[in-house]
Every structure is written in C-alpha cells, then in structure tokens.
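Below is one structure, written out as structure tokens, with a few remarks after it.
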Amino acid sequence: MIIISINTGNFDFVSIDSALEFVAKVANEKDDIWISGEEKYPCMAVCINGEYAAVNYFQNDTGEMWLSYSEDNHKEITFNAGGEEWTPDINAVIKLNDMFSCIREFLLTYKRPSCIKWKKL
C-alpha cells in the first residue's frame with residue numbers, strides 16, 4: 001500500500017499510477033507531500049513550486065537523510081514546507097519531471113532513487 005500525506009490528511013493507494021496522478025493533482029497546493037509505504041520509513045518529502053521541486057529522502061528515524069541535487073538549476077526557488085517558506089540551496093532544486101521519475105522509482109523499490117543525484121545531510 002502507498003500512503004501519501006498532505007496537510008488535509010493521509011490518502012492510501014494501491015497503484016503507483018494512481019498515486020502519481022494524486023501527486024500531480026495536489027502539486028498546485030504548494031505544500032509538502034509525504035510519500036511512504038505501509039511502514040513509516042523509508043519515506044520521501046516532496047516540495048513543489050510550478051515546474052520545480054525539491055525532494056528529501058529519509059532512510060530511517062535516526063537521521064539518515066538526503067536532499068535532491070542538481071547542477072542544472074540556476075534559479076532560487078521558494079517552497080512551502082510544513083506551512084513555512086523554505087528556500088533551499090539552488091542545487092537542491094530539480095525539474096518536475098525528474099521528481100515524478102524519482103517518486104515512481106521510490107514506489108517500485110522503496111529505496112533511495114538512483115534516477116537523480118543526492119546530497120547526504
């Protein structure tokens with residue numbers, strides 16, 4: 001089972017495609033989106049602003065986490081995370097299509113996706 005959490009609650013999905021459709025639908029709400037399986041970890045937190053995204057991957061509850069990394073972005077982007085504005089380093093910002101690829105791979109493997117680069121935090 002796939003669990004997606006947004007500020008209005010938790011939503012369960014059985015297929016990756018339906019989960020991705022839901023993420024696309026709520027992307028304009030500009031709040032963070034949490035994605036996991038039936039277990040709390042590993043999980044991902046996704047922030048979206050227009051055609052840009054930033055992704056955090058949490059391996060466990062002991063602090064093993066990574067932030068998306070890309071040398072292609074040269075624009076400062078501000079996201080809404082937990083109701084507060086967050087402006088990560090420009091290298092943390094990836095393209096929206098890359099974010100969807102990242103979510104798909106995560107939901108297939110429940111491992112840190114290899115389709116993008118990561119910076120360990």
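Chain identifiers are assigned as A, B, and so on, following the order in which chains appear in the structure tokens; residues are numbered from 1 within each chain, and ligands are numbered from 1 in order of appearance.
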
* Mind checking DSSP for stretch 6-107 of chain A and telling me the strand (DSSP E) residues as a PyMOL selection string? -> chain A and resi 6+9-13+33-36+43-49+52-58+65-69+79-81+84-86+94-95

* **stretch 48-64 of chain A surroundings by only C-alpha atoms, 9 Å radius, close-in-sequence under 6 positions cut, as a ChimeraX atom specification** => /A:27-33,40-42,77-80,88,92-99,102,111-113,118,120-121

With N, CA and C atoms retained, write the just-selected residues as a PDB file, in the first residue's frame.
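Result went into result-v5.pdb, see below:
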```
ATOM      1  N   ALA A  27      -0.256  19.040  -6.542  1.00  0.00           N
ATOM      2  CA  ALA A  27       1.011  19.773  -6.675  1.00  0.00           C
ATOM      3  C   ALA A  27       0.821  21.279  -6.617  1.00  0.00           C
ATOM      4  N   ASN A  28      -0.286  21.776  -7.106  1.00  0.00           N
ATOM      5  CA  ASN A  28      -0.524  23.220  -7.130  1.00  0.00           C
ATOM      6  C   ASN A  28      -0.852  23.803  -5.764  1.00  0.00           C
ATOM      7  N   GLU A  29      -1.084  22.946  -4.778  1.00  0.00           N
ATOM      8  CA  GLU A  29      -1.394  23.437  -3.437  1.00  0.00           C
ATOM      9  C   GLU A  29      -0.168  24.003  -2.738  1.00  0.00           C
ATOM     10  N   LYS A  30       0.993  23.788  -3.310  1.00  0.00           N
ATOM     11  CA  LYS A  30       2.262  24.355  -2.828  1.00  0.00           C
ATOM     12  C   LYS A  30       2.525  24.056  -1.361  1.00  0.00           C
ATOM     13  N   ASP A  31       2.260  22.848  -0.949  1.00  0.00           N
ATOM     14  CA  ASP A  31       2.626  22.407   0.388  1.00  0.00           C
ATOM     15  C   ASP A  31       3.412  21.116   0.237  1.00  0.00           C
ATOM     16  N   ASP A  32       4.085  20.689   1.294  1.00  0.00           N
ATOM     17  CA  ASP A  32       4.884  19.484   1.183  1.00  0.00           C
ATOM     18  C   ASP A  32       3.996  18.248   1.105  1.00  0.00           C
ATOM     19  N   ILE A  33       4.511  17.248   0.400  1.00  0.00           N
ATOM     20  CA  ILE A  33       3.810  15.990   0.178  1.00  0.00           C
ATOM     21  C   ILE A  33       4.716  14.885   0.707  1.00  0.00           C
ATOM     22  N   LYS A  40       6.564   3.546   8.235  1.00  0.00           N
ATOM     23  CA  LYS A  40       6.850   4.979   8.286  1.00  0.00           C
ATOM     24  C   LYS A  40       8.125   5.333   7.513  1.00  0.00           C
ATOM     25  N   TYR A  41       9.109   4.431   7.541  1.00  0.00           N
ATOM     26  CA  TYR A  41      10.378   4.630   6.829  1.00  0.00           C
ATOM     27  C   TYR A  41      10.666   3.429   5.956  1.00  0.00           C
ATOM     28  N   PRO A  42      11.352   3.653   4.848  1.00  0.00           N
ATOM     29  CA  PRO A  42      11.808   4.927   4.299  1.00  0.00           C
ATOM     30  C   PRO A  42      10.627   5.746   3.781  1.00  0.00           C
ATOM     31  N   ILE A  77      14.484  29.146  -5.807  1.00  0.00           N
ATOM     32  CA  ILE A  77      13.068  28.783  -5.745  1.00  0.00           C
ATOM     33  C   ILE A  77      12.671  28.663  -4.274  1.00  0.00           C
ATOM     34  N   THR A  78      11.525  29.222  -3.933  1.00  0.00           N
ATOM     35  CA  THR A  78      10.999  29.119  -2.575  1.00  0.00           C
ATOM     36  C   THR A  78       9.825  28.149  -2.569  1.00  0.00           C
ATOM     37  N   PHE A  79       9.839  27.260  -1.592  1.00  0.00           N
ATOM     38  CA  PHE A  79       8.790  26.260  -1.433  1.00  0.00           C
ATOM     39  C   PHE A  79       8.066  26.506  -0.119  1.00  0.00           C
ATOM     40  N   ASN A  80       6.927  25.832   0.046  1.00  0.00           N
ATOM     41  CA  ASN A  80       6.203  25.833   1.302  1.00  0.00           C
ATOM     42  C   ASN A  80       6.396  24.453   1.918  1.00  0.00           C
ATOM     43  N   PRO A  88      15.712  26.363  -0.417  1.00  0.00           N
ATOM     44  CA  PRO A  88      16.923  25.543  -0.334  1.00  0.00           C
ATOM     45  C   PRO A  88      18.023  26.108  -1.231  1.00  0.00           C
ATOM     46  N   ALA A  92      19.638  22.082  -4.837  1.00  0.00           N
ATOM     47  CA  ALA A  92      18.663  21.107  -4.338  1.00  0.00           C
ATOM     48  C   ALA A  92      17.422  21.044  -5.216  1.00  0.00           C
ATOM     49  N   VAL A  93      17.291  21.994  -6.121  1.00  0.00           N
ATOM     50  CA  VAL A  93      16.081  22.109  -6.939  1.00  0.00           C
ATOM     51  C   VAL A  93      16.225  21.281  -8.207  1.00  0.00           C
ATOM     52  N   ILE A  94      15.202  20.454  -8.465  1.00  0.00           N
ATOM     53  CA  ILE A  94      15.186  19.625  -9.669  1.00  0.00           C
ATOM     54  C   ILE A  94      13.942  19.950 -10.487  1.00  0.00           C
ATOM     55  N   LYS A  95      13.921  19.441 -11.713  1.00  0.00           N
ATOM     56  CA  LYS A  95      12.768  19.649 -12.589  1.00  0.00           C
ATOM     57  C   LYS A  95      11.614  18.754 -12.142  1.00  0.00           C
ATOM     58  N   LEU A  96      10.404  19.215 -12.411  1.00  0.00           N
ATOM     59  CA  LEU A  96       9.209  18.484 -12.005  1.00  0.00           C
ATOM     60  C   LEU A  96       9.176  17.074 -12.597  1.00  0.00           C
ATOM     61  N   ASN A  97       9.558  16.917 -13.854  1.00  0.00           N
ATOM     62  CA  ASN A  97       9.579  15.586 -14.472  1.00  0.00           C
ATOM     63  C   ASN A  97      10.534  14.651 -13.746  1.00  0.00           C
ATOM     64  N   ASP A  98      11.681  15.179 -13.302  1.00  0.00           N
ATOM     65  CA  ASP A  98      12.633  14.358 -12.549  1.00  0.00           C
ATOM     66  C   ASP A  98      12.044  13.940 -11.206  1.00  0.00           C
ATOM     67  N   MET A  99      11.258  14.823 -10.596  1.00  0.00           N
ATOM     68  CA  MET A  99      10.608  14.490  -9.333  1.00  0.00           C
ATOM     69  C   MET A  99       9.636  13.324  -9.520  1.00  0.00           C
ATOM     70  N   CYS A 102      11.490  10.189  -9.846  1.00  0.00           N
ATOM     71  CA  CYS A 102      12.010   9.844  -8.528  1.00  0.00           C
ATOM     72  C   CYS A 102      10.929   9.160  -7.676  1.00  0.00           C
ATOM     73  N   LYS A 111      13.556   2.261  -2.022  1.00  0.00           N
ATOM     74  CA  LYS A 111      14.952   2.604  -1.768  1.00  0.00           C
ATOM     75  C   LYS A 111      15.186   4.015  -2.296  1.00  0.00           C
ATOM     76  N   ARG A 112      16.326   4.605  -1.938  1.00  0.00           N
ATOM     77  CA  ARG A 112      16.658   5.939  -2.437  1.00  0.00           C
ATOM     78  C   ARG A 112      16.807   5.851  -3.950  1.00  0.00           C
ATOM     79  N   PRO A 113      16.012   6.607  -4.692  1.00  0.00           N
ATOM     80  CA  PRO A 113      16.036   6.514  -6.154  1.00  0.00           C
ATOM     81  C   PRO A 113      17.401   6.874  -6.744  1.00  0.00           C
ATOM     82  N   TRP A 118      21.909  12.943  -5.275  1.00  0.00           N
ATOM     83  CA  TRP A 118      21.529  13.264  -3.901  1.00  0.00           C
ATOM     84  C   TRP A 118      22.696  13.869  -3.148  1.00  0.00           C
ATOM     85  N   LYS A 120      23.898  13.990   0.810  1.00  0.00           N
ATOM     86  CA  LYS A 120      23.611  13.483   2.159  1.00  0.00           C
ATOM     87  C   LYS A 120      23.619  14.643   3.145  1.00  0.00           C
ATOM     88  N   LEU A 121      22.622  14.677   4.009  1.00  0.00           N
ATOM     89  CA  LEU A 121      22.518  15.750   5.007  1.00  0.00           C
ATOM     90  C   LEU A 121      23.020  15.279   6.362  1.00  0.00           C
TER      91      LEU A 121
END
```

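Across A:Gly82, A:Cys47, A:Leu20, A:Lys75, the tightest approach to A:Asn7 is made by A:Gly82 when counting only C-alpha atoms.
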
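In terms of minimum interatomic distance to A:Ile6, A:Ser36 ranks closest within A:Thr109, A:Ser36, A:Ser114, A:Ser101, counting only C-alpha atoms.
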
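Closest approach to A:Val23 among A:Lys117, A:Trp66, A:Phe100, A:Asn91 is made by A:Phe100 (distances from only C-alpha atoms).
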
* stretch 9-14 of chain A: which residues within 12 Å, counting only C-alpha atoms, same-chain residues fewer than 2 positions away excluded, as number ranges by chain? -> A: 1-7, 16-23, 26, 32-38, 107-108
